[in-house]
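**Student:** File structure-v8.pdb follows (PDB, C-alpha atoms and all ligand atoms):
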```
ATOM      1  CA  MET A   1     -14.201 -19.771   3.009
ATOM      2  CA  ASN A   2     -13.571 -19.179   6.706
ATOM      3  CA  ARG A   3     -14.227 -15.899   8.428
ATOM      4  CA  PHE A   4     -12.399 -15.200  11.670
ATOM      5  CA  PRO A   5     -14.051 -12.219  13.348
ATOM      6  CA  ASN A   6     -11.824 -12.043  16.407
ATOM      7  CA  VAL A   7      -8.223 -12.471  17.534
ATOM      8  CA  THR A   8      -8.737 -15.714  19.471
ATOM      9  CA  SER A   9     -10.362 -17.628  16.601
ATOM     10  CA  MET A  10      -7.763 -16.350  14.095
ATOM     11  CA  HIS A  11      -4.867 -17.194  16.402
ATOM     12  CA  GLN A  12      -6.177 -20.707  17.081
ATOM     13  CA  ALA A  13      -6.686 -21.436  13.374
ATOM     14  CA  ALA A  14      -3.202 -20.157  12.514
ATOM     15  CA  SER A  15      -1.647 -22.313  15.263
ATOM     16  CA  ALA A  16      -3.499 -25.379  13.952
ATOM     17  CA  TRP A  17      -2.297 -24.719  10.382
ATOM     18  CA  LYS A  18       1.253 -24.326  11.647
ATOM     19  CA  ALA A  19       1.002 -27.605  13.570
ATOM     20  CA  GLU A  20      -0.006 -29.308  10.295
ATOM     21  CA  GLY A  21       3.101 -27.821   8.632
ATOM     22  CA  LYS A  22       1.103 -25.519   6.373
ATOM     23  CA  ARG A  23       2.624 -22.392   4.862
ATOM     24  CA  ILE A  24       0.455 -19.358   5.659
ATOM     25  CA  ALA A  25       0.290 -16.233   3.477
ATOM     26  CA  LEU A  26      -1.083 -12.961   4.835
ATOM     27  CA  ILE A  27      -2.460 -10.217   2.615
ATOM     28  CA  PRO A  28      -3.064  -7.180   4.808
ATOM     29  CA  THR A  29      -5.767  -4.850   3.461
ATOM     30  CA  SER A  30      -7.998  -2.052   4.650
ATOM     31  CA  GLY A  31     -11.047  -3.759   3.095
ATOM     32  CA  SER A  32     -12.974  -2.400   0.068
ATOM     33  CA  ILE A  33     -11.443  -5.156  -2.033
ATOM     34  CA  HIS A  34     -10.601  -4.188  -5.631
ATOM     35  CA  PRO A  35      -8.622  -5.847  -8.461
ATOM     36  CA  GLY A  36      -5.334  -4.607  -6.961
ATOM     37  CA  HIS A  37      -5.973  -6.553  -3.749
ATOM     38  CA  GLN A  38      -7.145  -9.562  -5.757
ATOM     39  CA  SER A  39      -3.847  -9.655  -7.659
ATOM     40  CA  LEU A  40      -2.064  -9.939  -4.284
ATOM     41  CA  ILE A  41      -4.322 -12.846  -3.307
ATOM     42  CA  ARG A  42      -3.576 -14.616  -6.594
ATOM     43  CA  GLU A  43       0.157 -14.081  -6.079
ATOM     44  CA  ALA A  44      -0.097 -15.504  -2.533
ATOM     45  CA  ARG A  45      -2.024 -18.533  -3.835
ATOM     46  CA  LEU A  46       1.058 -19.543  -5.847
ATOM     47  CA  HIS A  47       3.340 -19.576  -2.810
ATOM     48  CA  ALA A  48       1.341 -20.778   0.200
ATOM     49  CA  ASP A  49      -0.990 -23.526   1.438
ATOM     50  CA  VAL A  50      -3.341 -21.192   3.281
ATOM     51  CA  VAL A  51      -4.106 -17.665   2.056
ATOM     52  CA  VAL A  52      -5.625 -15.319   4.611
ATOM     53  CA  VAL A  53      -6.709 -11.738   3.932
ATOM     54  CA  SER A  54      -7.028  -9.292   6.801
ATOM     55  CA  LEU A  55      -9.809  -6.781   6.240
ATOM     56  CA  PHE A  56      -9.067  -4.068   8.764
ATOM     57  CA  ALA A  57      -9.146  -0.323   8.241
ATOM     58  CA  ASN A  58      -6.507   0.726  10.745
ATOM     59  CA  PRO A  59      -7.352   3.953  12.564
ATOM     60  CA  LEU A  60      -3.689   4.433  13.584
ATOM     61  CA  GLN A  61      -2.798   5.080   9.918
ATOM     62  CA  PHE A  62      -5.177   8.017   9.661
ATOM     63  CA  ALA A  63      -4.422  11.517  10.916
ATOM     64  CA  ALA A  64      -7.127  13.490  12.697
ATOM     65  CA  ASN A  65      -7.929  15.416   9.475
ATOM     66  CA  GLU A  66      -8.117  12.272   7.316
ATOM     67  CA  ASN A  67     -11.653  11.265   8.247
ATOM     68  CA  PHE A  68     -11.252   7.636   9.289
ATOM     69  CA  ALA A  69     -14.980   7.507  10.053
ATOM     70  CA  ASN A  70     -15.725   7.901   6.327
ATOM     71  CA  TYR A  71     -13.515   4.995   5.224
ATOM     72  CA  PRO A  72     -15.780   2.306   3.656
ATOM     73  CA  LYS A  73     -16.727  -0.497   6.063
ATOM     74  CA  THR A  74     -16.043  -4.150   5.265
ATOM     75  CA  GLY A  75     -19.069  -6.019   3.935
ATOM     76  CA  ASP A  76     -20.062  -9.324   2.367
ATOM     77  CA  ALA A  77     -18.963  -8.112  -1.086
ATOM     78  CA  ASP A  78     -15.381  -7.819   0.210
ATOM     79  CA  ILE A  79     -15.426 -11.358   1.532
ATOM     80  CA  ALA A  80     -16.866 -12.674  -1.752
ATOM     81  CA  ALA A  81     -14.188 -10.783  -3.721
ATOM     82  CA  CYS A  82     -11.449 -12.389  -1.586
ATOM     83  CA  GLU A  83     -12.951 -15.825  -2.140
ATOM     84  CA  ALA A  84     -13.269 -15.237  -5.900
ATOM     85  CA  ALA A  85      -9.536 -14.439  -6.063
ATOM     86  CA  GLY A  86      -8.646 -17.659  -4.223
ATOM     87  CA  ALA A  87      -8.394 -16.736  -0.530
ATOM     88  CA  ASP A  88      -9.085 -19.446   2.051
ATOM     89  CA  ALA A  89     -10.021 -17.175   4.925
ATOM     90  CA  VAL A  90     -10.530 -13.588   6.045
ATOM     91  CA  PHE A  91      -9.701 -11.967   9.368
ATOM     92  CA  THR A  92     -12.154  -9.201  10.248
ATOM     93  CA  PRO A  93     -11.402  -7.969  13.773
ATOM     94  CA  ALA A  94     -13.171  -5.032  15.399
ATOM     95  CA  VAL A  95     -11.117  -1.888  16.045
ATOM     96  CA  GLU A  96     -11.847  -2.199  19.792
ATOM     97  CA  GLU A  97     -10.254  -5.628  19.864
ATOM     98  CA  ILE A  98      -7.069  -4.589  18.093
ATOM     99  CA  TYR A  99      -6.800  -1.375  20.139
ATOM    100  CA  PRO A 100      -8.686  -1.926  23.399
ATOM    101  CA  LYS A 101      -9.189   0.950  25.805
ATOM    102  CA  GLY A 102      -5.841   1.913  27.280
ATOM    103  CA  TYR A 103      -3.805   0.526  24.358
ATOM    104  CA  SER A 104      -0.341   2.132  24.478
ATOM    105  CA  THR A 105       2.279   0.140  22.544
ATOM    106  CA  TYR A 106       3.563   1.336  19.156
ATOM    107  CA  VAL A 107       6.316   0.293  16.743
ATOM    108  CA  SER A 108       8.013   2.782  14.439
ATOM    109  CA  GLU A 109      10.796   2.787  11.875
ATOM    110  CA  ASP A 110      12.781   5.991  11.890
ATOM    111  CA  ALA A 111      14.594   6.281   8.543
ATOM    112  CA  VAL A 112      12.734   4.917   5.507
ATOM    113  CA  ALA A 113       9.442   6.185   6.948
ATOM    114  CA  LYS A 114      10.611   9.803   7.267
ATOM    115  CA  PRO A 115      10.668  11.299   3.712
ATOM    116  CA  LEU A 116       7.930  11.475   1.023
ATOM    117  CA  CYS A 117       4.566  10.432   2.544
ATOM    118  CA  GLY A 118       6.209  10.537   5.988
ATOM    119  CA  VAL A 119       6.495  14.334   5.690
ATOM    120  CA  SER A 120       2.829  15.087   5.132
ATOM    121  CA  ARG A 121       1.536  12.067   7.110
ATOM    122  CA  PRO A 122       3.971  11.957  10.059
ATOM    123  CA  ASN A 123       2.323   9.121  12.073
ATOM    124  CA  HIS A 124       1.089   7.095   9.128
ATOM    125  CA  PHE A 125       3.876   4.508   8.976
ATOM    126  CA  ARG A 126       3.928   4.093  12.743
ATOM    127  CA  GLY A 127       0.315   2.963  12.383
ATOM    128  CA  VAL A 128       1.168   0.695   9.447
ATOM    129  CA  ILE A 129       4.008  -1.015  11.299
ATOM    130  CA  THR A 130       2.222  -1.333  14.612
ATOM    131  CA  VAL A 131      -0.706  -3.154  13.048
ATOM    132  CA  MET A 132       1.626  -5.259  10.893
ATOM    133  CA  VAL A 133       3.491  -6.525  13.960
ATOM    134  CA  LYS A 134       0.175  -7.337  15.631
ATOM    135  CA  LEU A 135      -1.100  -9.171  12.517
ATOM    136  CA  ILE A 136       2.119 -11.204  12.338
ATOM    137  CA  ASN A 137       1.758 -12.256  15.966
ATOM    138  CA  ILE A 138      -1.902 -13.176  15.531
ATOM    139  CA  MET A 139      -1.726 -14.817  12.095
ATOM    140  CA  GLN A 140       1.817 -16.303  12.162
ATOM    141  CA  PRO A 141       2.387 -15.945   8.397
ATOM    142  CA  ASN A 142       5.359 -17.445   6.559
ATOM    143  CA  LEU A 143       4.741 -14.974   3.742
ATOM    144  CA  ILE A 144       3.305 -11.475   3.459
ATOM    145  CA  VAL A 145       2.239 -10.154   0.048
ATOM    146  CA  LEU A 146       2.188  -6.389  -0.472
ATOM    147  CA  GLY A 147       1.528  -4.160  -3.491
ATOM    148  CA  GLN A 148       4.137  -2.075  -5.306
ATOM    149  CA  LYS A 149       1.413   0.582  -5.433
ATOM    150  CA  ASP A 150       2.536   1.626  -1.930
ATOM    151  CA  ALA A 151       6.261   1.460  -2.588
ATOM    152  CA  GLN A 152       7.320   3.349   0.543
ATOM    153  CA  GLN A 153       5.135   1.095   2.682
ATOM    154  CA  VAL A 154       6.874  -1.948   1.170
ATOM    155  CA  SER A 155      10.317  -0.519   1.999
ATOM    156  CA  VAL A 156       9.334   0.479   5.525
ATOM    157  CA  ILE A 157       7.867  -2.965   6.251
ATOM    158  CA  ARG A 158      10.861  -4.732   4.716
ATOM    159  CA  LYS A 159      13.188  -2.681   6.934
ATOM    160  CA  MET A 160      11.100  -3.429  10.022
ATOM    161  CA  LEU A 161      11.038  -7.192   9.273
ATOM    162  CA  THR A 162      14.832  -7.169   8.955
ATOM    163  CA  ASP A 163      15.519  -4.903  11.921
ATOM    164  CA  LEU A 164      13.251  -6.901  14.248
ATOM    165  CA  ASN A 165      14.416 -10.331  12.963
ATOM    166  CA  PHE A 166      11.012 -11.520  11.812
ATOM    167  CA  ASN A 167      11.265 -14.838   9.990
ATOM    168  CA  VAL A 168       8.717 -13.900   7.316
ATOM    169  CA  ASP A 169       9.112 -13.772   3.522
ATOM    170  CA  LEU A 170       7.903 -10.729   1.633
ATOM    171  CA  ARG A 171       6.620 -10.719  -1.944
ATOM    172  CA  VAL A 172       5.651  -7.612  -3.854
ATOM    173  CA  ALA A 173       2.992  -7.695  -6.585
ATOM    174  CA  PRO A 174       3.056  -5.153  -9.448
ATOM    175  CA  ILE A 175       0.610  -2.242  -9.613
ATOM    176  CA  THR A 176      -2.813  -3.180 -11.002
ATOM    177  CA  ARG A 177      -4.250  -0.432 -13.196
ATOM    178  CA  ASP A 178      -7.637   0.253 -14.726
ATOM    179  CA  ALA A 179      -7.913   0.468 -18.522
ATOM    180  CA  ASP A 180      -7.217   4.231 -18.473
ATOM    181  CA  GLY A 181      -3.971   3.696 -16.560
ATOM    182  CA  LEU A 182      -5.155   4.859 -13.142
ATOM    183  CA  ALA A 183      -3.853   2.590 -10.364
ATOM    184  CA  CYS A 184      -6.763   0.770  -8.675
ATOM    185  CA  ASN A 185      -7.518   2.495  -5.382
ATOM    186  CA  VAL A 186     -10.474   2.706  -3.033
ATOM    187  CA  ARG A 187     -10.537   6.502  -3.417
ATOM    188  CA  ASN A 188     -10.933   6.309  -7.220
ATOM    189  CA  ARG A 189     -14.668   5.760  -6.875
ATOM    190  CA  GLU A 190     -14.962   9.272  -5.409
ATOM    191  CA  LEU A 191     -13.553  10.868  -8.581
ATOM    192  CA  THR A 192     -15.993  12.649 -10.883
ATOM    193  CA  THR A 193     -15.691  11.977 -14.629
ATOM    194  CA  LEU A 194     -13.812  15.231 -15.086
ATOM    195  CA  GLN A 195     -11.447  14.555 -12.183
ATOM    196  CA  ARG A 196     -10.843  11.071 -13.483
ATOM    197  CA  GLN A 197      -9.942  12.386 -16.940
ATOM    198  CA  GLU A 198      -7.373  14.738 -15.425
ATOM    199  CA  THR A 199      -6.021  12.020 -13.165
ATOM    200  CA  THR A 200      -5.025   9.864 -16.136
ATOM    201  CA  ALA A 201      -2.221  12.419 -16.660
ATOM    202  CA  ILE A 202      -0.444  10.787 -13.702
ATOM    203  CA  HIS A 203       0.145   7.515 -15.530
ATOM    204  CA  ARG A 204       0.975   9.353 -18.756
ATOM    205  CA  ALA A 205       3.612  11.369 -16.892
ATOM    206  CA  LEU A 206       5.094   8.236 -15.294
ATOM    207  CA  LEU A 207       5.300   6.494 -18.676
ATOM    208  CA  ARG A 208       6.961   9.563 -20.165
ATOM    209  CA  ALA A 209       9.576   9.441 -17.387
ATOM    210  CA  LYS A 210      10.282   5.790 -18.146
ATOM    211  CA  GLU A 211      10.531   6.569 -21.851
ATOM    212  CA  MET A 212      13.099   9.305 -21.144
ATOM    213  CA  VAL A 213      15.211   6.961 -19.044
ATOM    214  CA  ASP A 214      14.922   4.196 -21.636
ATOM    215  CA  SER A 215      16.209   6.640 -24.253
ATOM    216  CA  GLY A 216      19.264   7.464 -22.155
ATOM    217  CA  VAL A 217      18.330  10.402 -19.899
ATOM    218  CA  ARG A 218      19.970  10.075 -16.462
ATOM    219  CA  SER A 219      19.305  13.555 -15.052
ATOM    220  CA  VAL A 220      16.901  13.492 -12.093
ATOM    221  CA  ASP A 221      16.080  17.177 -12.621
ATOM    222  CA  ARG A 222      15.153  16.755 -16.270
ATOM    223  CA  VAL A 223      12.817  13.845 -15.620
ATOM    224  CA  ILE A 224      11.145  15.520 -12.635
ATOM    225  CA  ALA A 225      10.727  18.743 -14.644
ATOM    226  CA  GLU A 226       9.018  16.842 -17.448
ATOM    227  CA  VAL A 227       6.661  14.977 -15.074
ATOM    228  CA  THR A 228       5.842  18.242 -13.277
ATOM    229  CA  HIS A 229       5.141  19.939 -16.618
ATOM    230  CA  ILE A 230       2.659  17.228 -17.661
ATOM    231  CA  LEU A 231       0.838  17.333 -14.318
ATOM    232  CA  ARG A 232       0.710  21.142 -14.195
ATOM    233  CA  GLN A 233      -1.409  21.127 -17.347
ATOM    234  CA  GLN A 234      -4.252  19.631 -15.298
ATOM    235  CA  ARG A 235      -6.351  22.225 -13.472
ATOM    236  CA  ARG A 236      -7.350  19.951 -10.588
ATOM    237  CA  VAL A 237      -4.057  18.187  -9.946
ATOM    238  CA  ARG A 238      -1.871  19.627  -7.155
ATOM    239  CA  VAL A 239       1.465  17.913  -6.705
ATOM    240  CA  ILE A 240       2.506  17.089  -3.118
ATOM    241  CA  TYR A 241       5.838  15.556  -4.129
ATOM    242  CA  ILE A 242       7.611  14.026  -7.110
ATOM    243  CA  ALA A 243      10.908  12.322  -6.319
ATOM    244  CA  ILE A 244      13.348   9.869  -7.800
ATOM    245  CA  VAL A 245      14.655   7.713  -4.987
ATOM    246  CA  ASP A 246      16.552   4.616  -4.004
ATOM    247  CA  PRO A 247      13.770   2.001  -3.727
ATOM    248  CA  ASP A 248      15.174   0.540  -0.475
ATOM    249  CA  THR A 249      15.965   3.691   1.482
ATOM    250  CA  MET A 250      13.598   6.192  -0.190
ATOM    251  CA  GLU A 251      16.501   8.662  -0.260
ATOM    252  CA  PRO A 252      16.691  11.017  -3.272
ATOM    253  CA  LEU A 253      19.119  10.005  -5.992
ATOM    254  CA  ARG A 254      21.605  12.364  -7.673
ATOM    255  CA  GLU A 255      21.501  10.446 -10.914
ATOM    256  CA  ILE A 256      19.142   7.838 -12.325
ATOM    257  CA  ALA A 257      20.488   4.294 -12.231
ATOM    258  CA  PRO A 258      18.221   2.277 -14.545
ATOM    259  CA  GLY A 259      16.843  -0.781 -12.770
ATOM    260  CA  SER A 260      17.376   0.605  -9.280
ATOM    261  CA  SER A 261      15.599   3.962  -9.299
ATOM    262  CA  LEU A 262      12.001   4.651  -8.373
ATOM    263  CA  LEU A 263       9.974   7.662  -9.452
ATOM    264  CA  THR A 264       7.317   8.179  -6.812
ATOM    265  CA  MET A 265       4.714  10.903  -6.427
ATOM    266  CA  ALA A 266       1.681  12.050  -4.498
ATOM    267  CA  ALA A 267      -0.915  14.593  -5.565
ATOM    268  CA  TRP A 268      -4.233  16.059  -4.595
ATOM    269  CA  ILE A 269      -7.027  15.833  -7.144
ATOM    270  CA  ASP A 270      -9.158  18.507  -5.495
ATOM    271  CA  GLU A 271      -9.788  16.841  -2.088
ATOM    272  CA  ILE A 272      -8.620  13.342  -3.035
ATOM    273  CA  ARG A 273      -5.033  12.332  -2.285
ATOM    274  CA  LEU A 274      -3.498   9.797  -4.689
ATOM    275  CA  THR A 275      -0.065   8.212  -4.911
ATOM    276  CA  ASP A 276       1.608   6.388  -7.779
ATOM    277  CA  ASN A 277       5.076   5.267  -8.838
ATOM    278  CA  ILE A 278       7.115   3.652 -11.578
ATOM    279  CA  GLN A 279      10.389   1.758 -11.562
ATOM    280  CA  LEU A 280      12.798   3.460 -13.930
TER
HETATM  281  P1  LIG B   1      -4.966  -0.992   1.307
HETATM  282  O1  LIG B   1      -6.262  -1.758   1.309
HETATM  283  O2  LIG B   1      -5.024   0.276   0.546
HETATM  284  O3  LIG B   1      -4.448  -0.839   2.715
HETATM  285  O4  LIG B   1      -3.926  -1.881   0.530
HETATM  286  C1  LIG B   1      -3.685  -3.222   0.891
HETATM  287  C2  LIG B   1      -2.594  -3.785  -0.002
HETATM  288  O5  LIG B   1      -3.026  -3.762  -1.353
HETATM  289  C3  LIG B   1      -1.283  -2.991   0.052
HETATM  290  O6  LIG B   1      -0.194  -3.887   0.037
HETATM  291  C4  LIG B   1      -1.343  -2.177  -1.223
HETATM  292  O7  LIG B   1      -0.090  -1.818  -1.731
HETATM  293  C5  LIG B   1      -2.036  -3.149  -2.152
HETATM  294  N1  LIG B   1      -2.648  -2.437  -3.291
HETATM  295  C6  LIG B   1      -3.527  -1.409  -3.225
HETATM  296  N2  LIG B   1      -3.811  -0.965  -4.469
HETATM  297  C7  LIG B   1      -3.098  -1.735  -5.333
HETATM  298  C8  LIG B   1      -2.945  -1.756  -6.755
HETATM  299  N3  LIG B   1      -3.594  -0.908  -7.541
HETATM  300  N4  LIG B   1      -2.113  -2.679  -7.291
HETATM  301  C9  LIG B   1      -1.437  -3.548  -6.495
HETATM  302  N5  LIG B   1      -1.539  -3.578  -5.150
HETATM  303  C10 LIG B   1      -2.355  -2.671  -4.576
END
```
Taking this structure as input, can you express it in the form of C-alpha cells?
**Tutor:**
Amino acid sequence: MNRFPNVTSMHQAASAWKAEGKRIALIPTSGSIHPGHQSLIREARLHADVVVVSLFANPLQFAANENFANYPKTGDADIAACEAAGADAVFTPAVEEIYPKGYSTYVSEDAVAKPLCGVSRPNHFRGVITVMVKLINIMQPNLIVLGQKDAQQVSVIRKMLTDLNFNVDLRVAPITRDADGLACNVRNRELTTLQRQETTAIHRALLRAKEMVDSGVRSVDRVIAEVTHILRQQRRVRVIYIAIVDPDTMEPLREIAPGSSLLTMAAWIDEIRLTDNIQL
C-alpha cells in the first residue's frame, strides 16, 4: 500500500504508471472511510490496474456555516480500510498544498448544479468540480468511480467531464446501506439512537415510492405526497426538498417514466443534514 502525501509524489507515480500502460482508477473521498467508500474501491478493482483513493476533505465544498473544522481528519484507520477493500494507494494532500495562499482558480457547472442541493448549498458543486479537475490533473485517472448516494454530484461531474472534453470513464456504484436501511454516511455516527430510529423512515419512504411506481402510479404529486406524509410522522425529520427529477439534468419531471426517473431528497434530522435517493 503506497501513501502519497503530496502532489509531486502522486503526480510522479501516476506518470510512471501511465508510462507502463497501466489503467488508473480514482476514487475521490473526503476520508472517514466507511462501507460505502469500500464498495467503490471494490468496483474500481474490477476495472483498473491501479486503484488510488484520494482522502481529502475539501474546504471549498463547505459553506461558512457548515463547520469544516469539525469534519473528521484522515487517520491510519482510513488507510487500512482502503487497503482492506483492495486499494493500491492513497493520496493524502494537505489543504495548503491543494489551495496555497493566493489560490484563485475555480471551475463551475451552471445548470445541473443549480437545483436541489445547489439551492441550499450554492457554492458546494463549484468546490466539488474544482477539486475534481485538480485531482484529474494530478492523478491522471482513466476511470473515476463515484457513488449513487450523491446522485446530483454524479450528474454534475458527468456534465463537467463531457463539457470540458476529459477523456475519463465514469462508473457509478449503488448506494451501500446499513442493516436498518440508512445509507452509509460519515454523519450517521453523530445520530443518537432515537434520531437513528426516526431516520430509518427515509428508506421506508423511498421504498414506498418505488412500490407505488411498480404498481403503476405515474403521478409525481401523488408519490411526493406519500413520501412527505411518511417523513412528517417523524418529530425530528425536517424535509429540505423531495423531488422527482431527470437523473441527467436534475430537472423536475411532470410524470414518472419508470427506469429514467430519480426520487431524491434532503432532510435535517435535528442538526444533521442527510440526503438519499432511489431510482424509480
Ligand atoms: P464523500 O467521502 O462523502 O465525499 O464521498 C466519496 C464518494 O463515496 C462519493 O462518490 C460518494 O457518493 C460515495 N459514497 C458515500 N456514501 C456512499 C454510500 N452509502 N454508498 C455508495 N457510495 C457512497
**Student:** Which distance in Å separates atom CA of Ala48 of chain A and atom CA of Leu143 of chain A, to one decimal?
**Tutor:**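 Separation between atom CA of Ala48 of chain A and atom CA of Leu143 of chain A: 7.6 Å.
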**Student:** Excluding segment 235-250 of chain A and its own-chain neighbours fewer than 2 positions away, which residues fall within 9 Å of it when counting only C-alpha atoms? Please give them as a PyMOL selection string.
**Tutor:** chain A and resi 111-117+120+151-152+154-156+158-159+195+198-199+220+223-224+227-228+231-233+252-256+260-270+273+279-280
**Student:** Using the chain letters and numbers from the file, which residues does the PyMOL selection byres (((not hetatm)) within 6 of (chain B and resi 1)) grab, as a VMD selection string?
**Tutor:** chain A and resid 28 to 31 36 to 37 146 to 150 174 to 177 183 to 185
**Student:** Using atom CA of Gly181 of chain A and atom CA of Cys82 of chain A as the two end points, give the distance in Å to one decimal.
**Tutor:**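 Computed distance, atom CA of Gly181 of chain A to atom CA of Cys82 of chain A, equals 23.2 Å.
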**Student:** Go through the shown structure with the PyMOL selection byres (((chain A and resi 138) around 8) and not hetatm) and write out the matching residues as a PDB file with C-alpha atoms, in the coordinates of the input.
**Tutor:**
```
ATOM      1  CA  VAL A   7      -8.223 -12.471  17.534  1.00  0.00           C
ATOM      2  CA  MET A  10      -7.763 -16.350  14.095  1.00  0.00           C
ATOM      3  CA  HIS A  11      -4.867 -17.194  16.402  1.00  0.00           C
ATOM      4  CA  ALA A  14      -3.202 -20.157  12.514  1.00  0.00           C
ATOM      5  CA  LYS A 134       0.175  -7.337  15.631  1.00  0.00           C
ATOM      6  CA  LEU A 135      -1.100  -9.171  12.517  1.00  0.00           C
ATOM      7  CA  ILE A 136       2.119 -11.204  12.338  1.00  0.00           C
ATOM      8  CA  ASN A 137       1.758 -12.256  15.966  1.00  0.00           C
ATOM      9  CA  MET A 139      -1.726 -14.817  12.095  1.00  0.00           C
ATOM     10  CA  GLN A 140       1.817 -16.303  12.162  1.00  0.00           C
TER      11      GLN A 140
END
```
**Student:** Since I can't run it myself right now, could you work out what the PyMOL selection byres (((chain A and resi 55-72) around 8) and not hetatm) selects here and report it as a count of residues only?
**Tutor:** 23
**Student:** Could you please determine the separation between atom CA of Arg42 of chain A and atom CA of Leu170 of chain A in Å, to one decimal place?
**Tutor:**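 For atom CA of Arg42 of chain A relative to atom CA of Leu170 of chain A, the distance reads 14.6 Å.
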**Student:** Under the rule that all atoms listed in the file are counted, which of A:Ile230, A:Ala205, A:Ile24, A:Ala87 is the nearest residue to Gln38 of chain A?
**Tutor:**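 Of A:Ile230, A:Ala205, A:Ile24, A:Ala87, the one nearest Gln38 of chain A is A:Ala87, counting all atoms listed in the file.
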**Student:** Any idea what's packed within 12 Å of Ala85 of chain A, counting only C-alpha atoms, ignoring anything in its chain fewer than 3 positions away? Could you give it as a ChimeraX atom specification?
**Tutor:** /A:1,27,33-46,51-53,78-82,88-89
**Student:** Kindly provide, as a CSV table (one decimal) with C-alpha atoms, in the coordinates of the input, the polymer residues lying within 9 Å of (15.2, 2.8, -17.7), counting all atoms listed in the file and using the coordinates exactly as they appear in the file.
**Tutor:**
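Written output follows (selection.csv):
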```csv
chain,number,residue,atom,x,y,z
A,209,ALA,CA,9.6,9.4,-17.4
A,210,LYS,CA,10.3,5.8,-18.1
A,211,GLU,CA,10.5,6.6,-21.9
A,212,MET,CA,13.1,9.3,-21.1
A,213,VAL,CA,15.2,7.0,-19.0
A,214,ASP,CA,14.9,4.2,-21.6
A,215,SER,CA,16.2,6.6,-24.3
A,216,GLY,CA,19.3,7.5,-22.2
A,217,VAL,CA,18.3,10.4,-19.9
A,218,ARG,CA,20.0,10.1,-16.5
A,256,ILE,CA,19.1,7.8,-12.3
A,257,ALA,CA,20.5,4.3,-12.2
A,258,PRO,CA,18.2,2.3,-14.5
A,259,GLY,CA,16.8,-0.8,-12.8
A,260,SER,CA,17.4,0.6,-9.3
A,261,SER,CA,15.6,4.0,-9.3
A,279,GLN,CA,10.4,1.8,-11.6
A,280,LEU,CA,12.8,3.5,-13.9
```
**Student:** Taking all atoms listed in the file into account, name the residue in A:Val107, A:Arg3, A:Gly102, A:Asp276 that is nearest to Asp76 of chain A.
**Tutor:**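 Counting all atoms listed in the file, the residue closest to Asp76 of chain A is A:Arg3.
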**Student:** What box, with edges along x, y and z, holds each listed atom of segment 137-141 of chain A when 6 Å is added on every side, and can you state its centre and edge lengths in Å to one decimal, as JSON?
**Tutor:**
```
{"center_x": 0.2, "center_y": -14.3, "center_z": 12.2, "size_x": 16.3, "size_y": 16.0, "size_z": 19.6}
```
